Structures are given as structure tokens and as C-alpha cells.
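Asker: File start_33.txt below, compact mmCIF, C-alpha atoms and all ligand atoms:
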```txt
# COMPACT_ATOMS: atom_id res chain seq x y z
CA MET A 22 0.00 0.00 0.00
CA ALA A 23 1.09 3.45 -0.67
CA ALA A 24 2.82 5.20 2.21
CA GLY A 25 5.39 7.87 2.57
CA VAL A 26 6.70 10.76 4.50
CA GLY A 27 5.82 13.21 1.80
CA PRO A 28 2.61 13.52 -0.11
CA GLY A 29 0.25 10.65 0.40
CA TRP A 30 0.09 9.66 -3.23
CA GLN A 31 3.80 8.97 -3.59
CA ASP A 32 4.39 5.30 -4.30
CA ARG A 33 6.09 3.56 -1.44
CA GLY A 34 8.34 1.48 -3.65
CA VAL A 35 11.78 2.73 -4.50
CA ARG A 36 11.81 4.05 -8.00
CA ARG A 37 14.46 2.80 -10.35
CA PRO A 38 15.34 5.09 -13.20
CA THR A 39 14.56 3.57 -16.55
CA SER A 40 16.54 3.88 -19.74
CA SER A 41 13.61 5.53 -21.43
CA THR A 42 13.72 8.78 -23.30
CA THR A 43 13.06 12.22 -21.88
CA GLY A 44 9.62 12.36 -23.40
CA SER A 45 9.91 15.97 -24.51
CA SER A 46 7.51 15.33 -27.36
CA ARG A 47 4.81 14.47 -24.88
CA SER A 48 4.37 18.04 -23.81
CA ARG A 49 3.33 18.79 -27.37
CA GLY A 50 0.47 16.30 -27.20
CA ALA A 51 1.87 13.76 -29.63
CA ALA A 52 -0.21 10.64 -29.27
CA PRO A 53 1.90 8.01 -27.50
CA ARG A 54 1.49 4.36 -28.20
CA PRO A 55 -1.17 2.70 -26.05
CA ARG A 56 -0.08 0.60 -23.09
CA GLY A 57 2.43 -2.00 -24.12
CA GLY A 58 1.41 -1.56 -27.75
CA GLN A 59 -1.57 -3.85 -27.09
CA PRO A 60 -3.90 -4.12 -30.03
CA GLU A 61 -7.35 -2.72 -29.41
CA GLN A 62 -9.89 -5.45 -28.72
CA LEU A 63 -12.55 -5.88 -31.36
CA GLY A 64 -16.04 -5.41 -29.99
CA PHE A 65 -18.95 -7.64 -30.92
CA ASP A 66 -22.50 -7.48 -29.73
CA GLY A 67 -22.91 -9.64 -26.65
CA MET A 68 -19.18 -9.81 -26.07
CA PRO A 69 -18.24 -9.01 -22.44
CA GLU A 70 -16.59 -5.61 -22.05
CA ARG A 71 -12.92 -5.52 -21.15
CA LEU A 72 -12.34 -5.15 -17.42
CA PHE A 73 -10.07 -2.41 -16.20
CA VAL A 74 -7.11 -4.03 -14.46
CA CYS A 75 -6.09 -1.81 -11.57
CA THR A 76 -4.50 -1.32 -8.20
CA PRO A 77 -5.42 1.42 -5.69
CA SER A 78 -2.36 3.44 -6.68
CA LYS A 79 -3.31 3.27 -10.37
CA LEU A 80 -6.78 4.65 -9.67
CA GLY A 81 -5.40 7.22 -7.24
CA SER A 82 -2.84 8.37 -9.77
CA TYR A 83 -5.58 9.30 -12.26
CA THR A 84 -7.72 10.95 -9.60
CA ASP A 85 -4.76 13.09 -8.50
CA CYS A 86 -3.76 14.07 -12.01
CA PRO A 87 -4.75 12.48 -15.35
CA ARG A 88 -1.49 13.66 -16.95
CA ARG A 89 0.55 11.96 -14.26
CA TYR A 90 -1.45 8.79 -14.88
CA ARG A 91 -0.62 9.01 -18.59
CA TYR A 92 3.10 9.36 -17.92
CA SER A 93 3.00 6.34 -15.59
CA TYR A 94 0.68 3.95 -17.38
CA VAL A 95 -0.01 5.00 -20.96
CA ASP A 96 3.07 6.45 -22.63
CA ARG A 97 5.49 3.85 -23.86
CA PRO A 98 8.35 4.21 -23.53
CA ALA A 99 7.49 5.87 -20.21
CA PRO A 100 9.18 9.19 -19.49
CA GLN A 101 12.08 8.90 -17.12
CA LYS A 102 11.20 9.63 -13.51
CA GLY A 103 13.09 12.07 -11.32
CA PRO A 104 15.62 10.86 -8.75
CA PRO A 105 14.49 8.73 -5.78
CA TRP A 106 12.84 10.41 -2.78
CA ALA A 107 14.19 9.77 0.70
CA HIS A 108 10.64 9.56 2.10
CA ASN A 109 9.93 6.65 -0.24
CA SER A 110 13.12 4.93 0.93
CA LEU A 111 12.12 5.45 4.55
CA GLY A 112 8.59 4.17 3.99
CA ALA A 113 9.80 1.11 2.09
CA SER A 114 12.37 0.29 4.79
CA VAL A 115 9.83 0.45 7.61
CA HIS A 116 7.20 -1.52 5.72
CA THR A 117 9.64 -4.30 4.84
CA ALA A 118 10.92 -4.51 8.41
CA LEU A 119 7.32 -4.90 9.63
CA ARG A 120 6.67 -7.60 7.07
CA ASN A 121 9.81 -9.47 8.10
CA TRP A 122 8.87 -9.19 11.78
CA TYR A 123 5.92 -11.44 11.14
CA ALA A 124 8.10 -13.85 9.16
CA LEU A 125 10.07 -14.55 12.37
CA PRO A 126 8.96 -17.41 14.61
CA PRO A 127 6.95 -15.94 17.52
CA ASP A 128 9.67 -16.72 20.08
CA ARG A 129 12.12 -14.57 18.09
CA ARG A 130 9.82 -11.55 17.88
CA ARG A 131 11.66 -9.67 20.59
CA PRO A 132 12.69 -5.99 20.84
CA ASP A 133 16.35 -6.84 20.21
CA ALA A 134 15.42 -8.28 16.80
CA VAL A 135 14.10 -4.98 15.43
CA ALA A 136 17.43 -3.28 14.71
CA GLY A 137 18.63 -6.26 12.69
CA LEU A 138 15.42 -6.31 10.68
CA LEU A 139 15.59 -2.61 9.89
CA LYS A 140 19.28 -2.72 9.03
CA ALA A 141 18.70 -5.60 6.62
CA THR A 142 15.92 -3.81 4.79
CA TRP A 143 17.25 -0.25 4.92
CA VAL A 144 17.03 1.61 1.59
CA ARG A 145 19.70 4.31 1.34
CA GLU A 146 18.55 6.33 -1.66
CA GLY A 147 17.58 9.97 -1.58
CA TYR A 148 18.99 11.21 1.74
CA ARG A 149 20.95 14.46 1.88
CA ASP A 150 24.01 12.85 3.45
CA VAL A 151 25.06 10.03 5.74
CA GLU A 152 24.35 12.11 8.82
CA GLN A 153 20.74 12.70 7.84
CA GLU A 154 20.33 9.05 6.86
CA ARG A 155 21.64 7.89 10.26
CA GLU A 156 19.29 10.24 12.07
CA LEU A 157 16.31 8.92 10.11
CA TYR A 158 17.42 5.35 10.73
CA ARG A 159 17.46 6.02 14.48
CA ARG A 160 14.05 7.68 14.23
CA ALA A 161 12.59 4.74 12.30
CA LEU A 162 14.07 2.28 14.80
CA ASP A 163 12.39 4.16 17.66
CA TRP A 164 9.03 4.05 15.85
CA LEU A 165 9.31 0.34 15.19
CA GLU A 166 10.45 -0.58 18.70
CA SER A 167 7.65 1.39 20.24
CA TYR A 168 5.02 0.07 17.82
CA LEU A 169 6.06 -3.57 18.06
CA ASP A 170 6.32 -3.33 21.86
CA GLY A 171 2.55 -2.83 21.88
CA LEU A 172 1.82 -6.00 19.91
CA GLU A 173 1.45 -9.52 21.22
CA PRO A 174 4.43 -11.47 19.79
CA GLY A 175 2.28 -14.57 19.27
CA ASP A 176 -0.51 -12.80 17.41
CA ASP A 177 -0.29 -13.72 13.75
CA PRO A 178 -2.30 -11.64 11.29
CA LEU A 179 -4.35 -13.45 8.70
CA GLY A 180 -2.22 -11.83 6.03
CA VAL A 181 0.93 -9.72 5.81
CA GLU A 182 1.47 -7.80 2.58
CA ARG A 183 -1.28 -10.04 1.29
CA VAL A 184 -2.52 -9.61 -2.26
CA VAL A 185 -6.31 -9.56 -2.53
CA ALA A 186 -8.06 -9.52 -5.87
CA VAL A 187 -11.64 -9.23 -7.00
CA LYS A 188 -13.60 -8.60 -10.18
CA THR A 189 -16.64 -6.39 -10.59
CA ALA A 190 -18.61 -5.55 -13.71
CA VAL A 191 -15.95 -2.92 -14.53
CA LEU A 192 -12.81 -3.65 -12.51
CA ALA A 193 -10.28 -6.42 -12.17
CA PHE A 194 -8.89 -5.09 -8.92
CA ASN A 195 -5.84 -6.33 -7.09
CA GLY A 196 -3.79 -4.82 -4.31
CA ARG A 197 -1.38 -5.69 -1.56
CA ALA A 198 -2.70 -4.92 1.93
CA ASP A 199 -0.04 -4.14 4.54
CA ARG A 200 -1.82 -6.36 7.05
CA ILE A 201 -5.13 -8.14 7.40
CA ASP A 202 -6.12 -9.03 10.97
CA LEU A 203 -8.81 -11.37 12.17
CA ARG A 204 -10.44 -9.97 15.32
CA PRO A 205 -13.75 -10.34 17.13
CA GLY A 206 -16.38 -8.07 15.59
CA PRO A 207 -19.22 -6.26 17.39
CA ASP A 208 -21.18 -9.50 17.80
CA GLY A 209 -18.12 -11.50 18.89
CA GLU A 210 -17.73 -13.30 15.58
CA PRO A 211 -14.33 -13.01 13.87
CA GLU A 212 -14.13 -10.22 11.31
CA LEU A 213 -11.37 -8.97 9.03
CA VAL A 214 -9.58 -5.68 9.70
CA ILE A 215 -7.50 -3.88 7.08
CA VAL A 216 -4.33 -2.27 8.50
CA ASP A 217 -2.29 0.28 6.58
CA TYR A 218 1.02 1.62 7.96
CA LYS A 219 1.85 5.31 7.61
CA THR A 220 5.24 6.95 8.07
CA GLY A 221 4.52 10.54 7.04
CA ARG A 222 5.02 13.59 9.19
CA SER A 223 1.37 14.40 9.63
CA GLY A 224 -0.79 12.21 11.76
CA THR A 225 -3.95 10.65 10.38
CA ASP A 226 -7.49 10.87 11.70
CA ALA A 227 -10.77 9.03 11.30
CA ASP A 228 -11.66 11.14 8.26
CA ASP A 229 -8.54 9.87 6.50
CA ALA A 230 -9.52 6.28 7.25
CA ARG A 231 -13.12 6.90 6.20
CA GLY A 232 -12.17 8.68 2.98
CA SER A 233 -9.50 6.26 1.80
CA GLN A 234 -10.72 4.59 -1.37
CA ALA A 235 -7.79 2.17 -1.21
CA LEU A 236 -8.78 0.90 2.25
CA ALA A 237 -12.42 0.49 1.21
CA LEU A 238 -11.42 -1.48 -1.88
CA TYR A 239 -9.13 -3.70 0.17
CA ALA A 240 -12.02 -4.34 2.56
CA TYR A 241 -14.32 -5.19 -0.35
CA ALA A 242 -11.78 -7.56 -1.90
CA ALA A 243 -10.70 -9.18 1.39
CA GLU A 244 -14.31 -9.93 2.30
CA ARG A 245 -14.73 -11.87 -0.91
CA VAL A 246 -11.35 -13.60 -0.79
CA PHE A 247 -11.69 -14.80 2.81
CA ARG A 248 -15.50 -15.05 2.88
CA ARG A 249 -15.71 -13.14 6.15
CA PRO A 250 -17.09 -9.70 6.94
CA CYS A 251 -14.61 -6.84 6.63
CA ARG A 252 -15.85 -3.47 7.81
CA ARG A 253 -13.07 -1.98 9.88
CA VAL A 254 -10.11 -0.19 8.30
CA GLU A 255 -7.20 1.31 10.25
CA LEU A 256 -4.31 3.66 9.56
CA HIS A 257 -1.38 2.99 11.90
CA HIS A 258 0.79 6.10 12.03
CA LEU A 259 4.16 4.95 13.32
CA PRO A 260 5.79 8.33 14.08
CA SER A 261 3.00 9.30 16.49
CA GLY A 262 1.97 5.79 17.54
CA THR A 263 -1.67 6.64 16.78
CA ILE A 264 -4.35 4.60 15.04
CA ALA A 265 -7.10 6.18 12.96
CA ALA A 266 -10.01 3.82 12.34
CA HIS A 267 -13.30 3.72 10.51
CA GLU A 268 -16.13 1.21 10.54
CA HIS A 269 -17.54 0.91 7.05
CA THR A 270 -21.04 -0.19 6.21
CA PRO A 271 -21.86 -2.21 3.09
CA GLU A 272 -23.31 1.02 1.69
CA SER A 273 -20.19 3.13 2.31
CA ILE A 274 -18.00 0.47 0.69
CA ALA A 275 -20.41 0.28 -2.26
CA ARG A 276 -20.12 4.07 -2.69
CA GLN A 277 -16.34 3.88 -2.80
CA LEU A 278 -16.52 0.99 -5.25
CA SER A 279 -18.90 2.91 -7.46
CA ARG A 280 -16.53 5.90 -7.50
CA ALA A 281 -13.64 3.60 -8.40
CA GLU A 282 -15.66 2.19 -11.29
CA ASP A 283 -16.49 5.70 -12.50
CA THR A 284 -12.78 6.54 -12.46
CA ALA A 285 -12.02 3.34 -14.39
CA ARG A 286 -14.60 4.25 -17.04
CA ASP A 287 -13.05 7.72 -17.39
CA ILE A 288 -9.59 6.20 -17.78
CA MET A 289 -10.74 3.67 -20.37
CA ALA A 290 -12.48 6.43 -22.35
CA ALA A 291 -9.32 8.57 -22.29
CA GLU A 292 -7.13 5.65 -23.31
CA LYS A 293 -9.48 4.80 -26.15
CA ALA A 294 -9.43 8.39 -27.35
CA VAL A 295 -5.63 8.27 -27.55
CA ALA A 296 -5.62 4.84 -29.20
CA ASP A 297 -8.04 6.24 -31.80
CA GLY A 298 -5.57 8.99 -32.65
CA GLY A 299 -6.89 11.73 -30.38
CA ASN A 300 -4.77 14.38 -28.73
CA ALA A 301 -3.11 12.82 -25.69
CA ASP A 302 -2.79 16.14 -23.87
CA GLU A 303 -6.52 16.71 -24.15
CA ALA A 304 -7.41 13.16 -23.15
CA PHE A 305 -5.17 13.35 -20.09
CA PRO A 306 -5.16 16.99 -18.93
CA THR A 307 -2.83 18.37 -16.29
CA SER A 308 -4.16 18.99 -12.80
CA PRO A 309 -1.67 21.43 -11.30
CA GLY A 310 -1.56 21.82 -7.54
CA THR A 311 0.56 21.27 -4.47
CA LEU A 312 1.36 17.71 -5.57
CA CYS A 313 3.32 18.97 -8.58
CA ALA A 314 6.28 19.77 -6.33
CA TRP A 315 6.55 16.06 -5.52
CA CYS A 316 5.71 14.71 -8.95
CA ASP A 317 8.17 12.29 -10.53
CA TYR A 318 7.31 13.66 -13.96
CA ARG A 319 7.36 17.39 -13.34
CA ARG A 320 10.29 17.99 -15.71
CA HIS A 321 8.28 16.47 -18.56
CA CYS A 322 5.12 18.36 -17.73
CA PRO A 323 4.39 21.95 -18.80
CA ALA A 324 2.37 22.52 -15.61
CA GLY A 325 5.18 21.28 -13.38
CA ALA A 326 7.57 24.08 -14.31
CA ASP A 327 5.89 26.52 -11.90
CA ALA A 328 5.95 24.17 -8.91
CA PRO A 329 8.41 24.89 -6.09
CA VAL A 330 11.52 22.75 -6.24
CA LYS A 331 11.80 20.09 -3.58
CA GLU A 332 15.00 18.32 -2.68
CA GLN A 333 14.91 14.53 -2.57
CA TRP A 334 15.16 14.77 1.22
CA SER A 335 12.80 17.72 1.81
CA ALA A 336 10.01 15.58 3.27
CA VAL A 337 12.23 13.66 5.69
CA GLU A 338 13.89 16.90 6.72
CA ARG A 339 10.52 18.05 8.01
CA LEU A 340 10.31 14.86 10.06
CA LEU A 341 13.45 15.92 11.87
CA ALA A 342 12.22 19.45 12.54
CA PRO A 343 11.92 20.26 16.27
CA ASP A 344 8.12 20.51 16.13
CA ALA A 345 7.69 17.20 14.24
S1 LIG B 401 3.67 18.12 -12.58
FE1 LIG B 401 1.61 18.38 -11.70
S2 LIG B 401 0.23 18.63 -13.45
FE2 LIG B 401 2.17 17.75 -14.23
S3 LIG B 401 1.89 15.54 -14.22
FE3 LIG B 401 2.81 16.06 -12.28
S4 LIG B 401 1.10 16.35 -10.84
FE4 LIG B 401 0.27 16.45 -12.94
```
Before anything else, please render the file you have as C-alpha cells.
Ligand code: SF4
Answerer:
Amino acid sequence: MAAGVGPGWQDRGVRRPTSSTTGSSRSRGAAPRPRGGQPEQLGFDGMPERLFVCTPSKLGSYTDCPRRYRYSYVDRPAPQKGPPWAHNSLGASVHTALRNWYALPPDRRRPDAVAGLLKATWVREGYRDVEQERELYRRALDWLESYLDGLEPGDDPLGVERVVAVKTAVLAFNGRADRIDLRPGPDGEPELVIVDYKTGRSGTDADDARGSQALALYAYAAERVFRRPCRRVELHHLPSGTIAAHEHTPESIARQLSRAEDTARDIMAAEKAVADGGNADEAFPTSPGTLCAWCDYRRHCPAGADAPVKEQWSAVERLLAPDA
């Protein structure tokens, strides 16, 4: 699941620069080749419509900015991303350490194991210098020790970084949930709980948990994969040690699903317009805003030129600020 110190939509994974071109022609609206050069499916009456294969981050990317979506998922070769962000490195390191914690036998899940786990998974890219990296490592170790100290070593989640997948009339959805717990629900029967780790500077609240489309889609998919109710979603913010939770209803999950399907239809329409020779810039317009400063594609995007420049370590620097 996406997590990061910086803007919430930054992918958690560490980006690896590709050998692709600079994509300068894209700013002129030249129609790029459709995804992977796949031939357009022929449509026949009665033939089932193509499902939109997606993850939460793919849908979120389009919602945040259609142009950013195009750079990530439509243009081939994809434009080269900017350099790696330290907040993505930090988020990836913490997430992997948490995953590996649960891979240990319960009798080895002790506080003195945490440093070894974090060291083994530490991603070094993007920090200003070794001093800043060390400081963030110590900070992350504190978060993990404190967080894991509050867990029962013998409690095994139902799933850790578990992929859940489901199909609807429009979507072929799949995503990797940070953690799926099985806990007693309001009537005492076991229910699923979706847990998402956060490592950003700002804390999260119940509105964030309620409004997260990703969490709602995970709940929808997990319920069908495990054939158990899944209503509760939680954001575990490691820097503050707080948990923001929301109890969904079937109706609130259905609303989020419906919005996701609307987004998928918009994306498919835009992709078809480009495949049919339409103007790619018009099909995938820019959506300039505060996120541009953190966008991996800002140097390819005409709207990104006006955004303030952020250093690769700007977001983690704020984590170290005295009031953080
Ligand atoms: S720089 Fe801004 S407008 Fe351009 S692709 Fe990135 S987020 Fe979208």
C-alpha cells in the first residue's frame, strides 16, 4: 500500500530510473502508443466488455492528475522519472521490516530483533548525506520498537502484505494490503480488519480512514477472498503511535466501489481516445496543484515548471524538525 513521509500519493516502492527517453515530445500532445502496444480489442454485440485491471495506486494516480497517470501507465516508452525520494526509501524500509517481523517465529519476535530487521531492509537512496540518513534510521528504529512493543508477539495476522483480488462488472482489482487481521467483531464473531502503515510527518485521523478509497477497496476484496465480513479499516501512524479507524457499512464500501468504477470508465475512455488517434494532452489533462512539487514527472510536464523545487530529502527533513 502506498505510504510515505511526503505527499500521500507517492508510491512507497523505490523508483528505479529507466533507460527511457526524456519524453519531450509528450508536452506537445503527440499521441503516445497505447499501453504495451496492445492491439485494441474488437467489440462484438454480446461480447463481455474488457475489465479495467487496476490497483489502488493506479486509480489514485488518475484521480490526483490524469497527466501523471498518462506518464506512468499510458506512454510507452514511459518518461524517465526524477531521482528517488528519501521519504519513499524510509517508507519502504519500515514496511519491509514490519513484514519481516511477522516472518520470524513468535519466540524470536523480541525488541532486540528490530534493529537487525531494519538494518537488513534499509534503503539508502535519496537522503541528503550520511548524517541525515543515520538520524532517520534512528528515528525509524524508535518508531518500530515502540510500535512492536505494543503487539502480542504470538498474534499472527491473517495476512501480511497479502494480495487480494476481485472482479466487478468494470474492474479487475488487485492490491497488496499491509496487514489483514482477524479480530472479534461487534457480535463477537471473527471479522477482518485492514491495516495500513503510515510513516509521514502528519498524523492521520478518522476522516482519512473513512475517505481512503484504497482501504475500502481492500475491505471489499478481502471480504470476498476470505469469505468473512470486513468493515473496519485502520491507519497505523508509526511516528506518532496513533491509530485512525473507521467502521464501514456495506453502503459506504459500495459508494467507494462505485466511485472507483467511475474513475475506471473515465480512464478507459481517455485511453481509447488516444488509441483512436486523439490528442493525448486533451485526453489526459494536467491537474496542477501542491502535488506537482513532488511529482516524478514534473520535468516532462508543462504545468510542473511553476511548482516549487523540492529536494529529494525535503520531506524527511521536516520529520526531523523540532516541532515534528
Ligand atoms: S507536474 Fe503536476 S500537473 Fe504535471 S503531471 Fe505532475 S502532478 Fe500532474
Asker: Residues contacting ligand LIG 401 (chain B) - anything with an atom at most 10 Å away, using all atoms listed in the file - can you give me those as a compact mmCIF listing (two decimals) with C-alpha atoms, keeping the file's coordinate frame?
Answerer:
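As a result, result.txt now contains:
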```txt
# COMPACT_ATOMS: atom_id res chain seq x y z
CA SER A 48 4.37 18.04 -23.81
CA SER A 82 -2.84 8.37 -9.77
CA TYR A 83 -5.58 9.30 -12.26
CA ASP A 85 -4.76 13.09 -8.50
CA CYS A 86 -3.76 14.07 -12.01
CA PRO A 87 -4.75 12.48 -15.35
CA ARG A 88 -1.49 13.66 -16.95
CA ARG A 89 0.55 11.96 -14.26
CA TYR A 90 -1.45 8.79 -14.88
CA ARG A 91 -0.62 9.01 -18.59
CA TYR A 92 3.10 9.36 -17.92
CA SER A 93 3.00 6.34 -15.59
CA PHE A 305 -5.17 13.35 -20.09
CA PRO A 306 -5.16 16.99 -18.93
CA THR A 307 -2.83 18.37 -16.29
CA SER A 308 -4.16 18.99 -12.80
CA PRO A 309 -1.67 21.43 -11.30
CA GLY A 310 -1.56 21.82 -7.54
CA THR A 311 0.56 21.27 -4.47
CA LEU A 312 1.36 17.71 -5.57
CA CYS A 313 3.32 18.97 -8.58
CA ALA A 314 6.28 19.77 -6.33
CA TRP A 315 6.55 16.06 -5.52
CA CYS A 316 5.71 14.71 -8.95
CA ASP A 317 8.17 12.29 -10.53
CA TYR A 318 7.31 13.66 -13.96
CA ARG A 319 7.36 17.39 -13.34
CA ARG A 320 10.29 17.99 -15.71
CA HIS A 321 8.28 16.47 -18.56
CA CYS A 322 5.12 18.36 -17.73
CA PRO A 323 4.39 21.95 -18.80
CA ALA A 324 2.37 22.52 -15.61
CA GLY A 325 5.18 21.28 -13.38
CA ALA A 326 7.57 24.08 -14.31
CA ASP A 327 5.89 26.52 -11.90
CA ALA A 328 5.95 24.17 -8.91
```
Asker: Which residues of segment 93-166 of chain A have any atom within 9 Å of an atom in segment 254-265 of chain A when counting only C-alpha atoms, and what is the closest pair of atoms for each, with the distance in Å to one decimal? Order the rows by chain and rising number and write it as CSV.
Answerer:
```
residue,atom,partner,partner_atom,distance
A:Arg160,CA,A:Pro260,CA,8.3
A:Ala161,CA,A:Pro260,CA,7.9
A:Asp163,CA,A:Pro260,CA,8.6
A:Trp164,CA,A:Leu259,CA,5.6
A:Leu165,CA,A:Leu259,CA,7.2
```
Asker: Keeping only C-alpha atoms, write the selected residues as a PDB file, in the coordinates of the input.
Answerer:
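What landed in out.pdb:
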```
ATOM      1  CA  ARG A 160      14.050   7.680  14.230  1.00  0.00           C
ATOM      2  CA  ALA A 161      12.590   4.740  12.300  1.00  0.00           C
ATOM      3  CA  ASP A 163      12.390   4.160  17.660  1.00  0.00           C
ATOM      4  CA  TRP A 164       9.030   4.050  15.850  1.00  0.00           C
ATOM      5  CA  LEU A 165       9.310   0.340  15.190  1.00  0.00           C
TER       6      LEU A 165
END
```
Asker: I want to know what sits within 12 Å of segment 171-180 of chain A, based on all atoms listed in the file, with residues of the same chain fewer than 2 positions away left out; could you give that as a PyMOL selection string?
Answerer: chain A and resi 119-120+122-132+134+164-169+182-185+197-204+211-216+243+246-247+249+259+262-263
Asker: For a test of reading the model, state the distance in Å between atom CA of Gln101 of chain A and atom CA of Leu157 of chain A, rounded to one decimal.
Answerer: 27.6 Å
Asker: For a test of reading the model, state the distance in Å between atom CA of Glu303 of chain A and atom CA of Leu80 of chain A, rounded to one decimal.
Answerer: 18.8 Å
Asker: How many Å separate atom CA of Trp143 of chain A from atom CA of Lys219 of chain A?
Answerer: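 Between atom CA of Trp143 of chain A and atom CA of Lys219 of chain A the gap works out to 16.6 Å.
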Asker: Which one is closest to Ala266 of chain A: A:Val337, A:Ala99, A:Ala237, A:Ala281? Count only C-alpha atoms.
Answerer: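 Using only C-alpha atoms, Ala266 of chain A sits closest to A:Ala237.
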Asker: Just the residues within 7 Å of Arg252 of chain A, please, counting all atoms listed in the file, with nothing from its chain fewer than 4 positions along; format it as a PyMOL selection string.
Answerer: chain A and resi 214+240+268-270
Asker: Please list as number ranges by chain every residue within 12 Å of Ala190 of chain A, counting all atoms listed in the file and excluding residues in the same chain fewer than 4 positions away.
Answerer: A: 69-74, 194, 278-279, 281-283, 285-286
Asker: Keeping only C-alpha atoms, take the residues you just selected and write them out as a compact mmCIF listing (two decimals), in the frame of the given file.
Answerer:
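File produced: again-v9.txt:
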```txt
# COMPACT_ATOMS: atom_id res chain seq x y z
CA PRO A 69 -18.24 -9.01 -22.44
CA GLU A 70 -16.59 -5.61 -22.05
CA ARG A 71 -12.92 -5.52 -21.15
CA LEU A 72 -12.34 -5.15 -17.42
CA PHE A 73 -10.07 -2.41 -16.20
CA VAL A 74 -7.11 -4.03 -14.46
CA PHE A 194 -8.89 -5.09 -8.92
CA LEU A 278 -16.52 0.99 -5.25
CA SER A 279 -18.90 2.91 -7.46
CA ALA A 281 -13.64 3.60 -8.40
CA GLU A 282 -15.66 2.19 -11.29
CA ASP A 283 -16.49 5.70 -12.50
CA ALA A 285 -12.02 3.34 -14.39
CA ARG A 286 -14.60 4.25 -17.04
```
Asker: Name the residues in contact with Arg145 of chain A at a cut-off of 8 Å, using only C-alpha atoms, excluding same-chain residues fewer than 6 positions from it; report them as a PyMOL selection string.
Answerer: chain A and resi 107+110+154
Asker: Go ahead and write the residues just picked, C-alpha atoms, as a PDB file, in the coordinates of the input.
Answerer:
```pdb
ATOM      1  CA  ALA A 107      14.190   9.770   0.700  1.00  0.00           C
ATOM      2  CA  SER A 110      13.120   4.930   0.930  1.00  0.00           C
ATOM      3  CA  GLU A 154      20.330   9.050   6.860  1.00  0.00           C
TER       4      GLU A 154
END
```
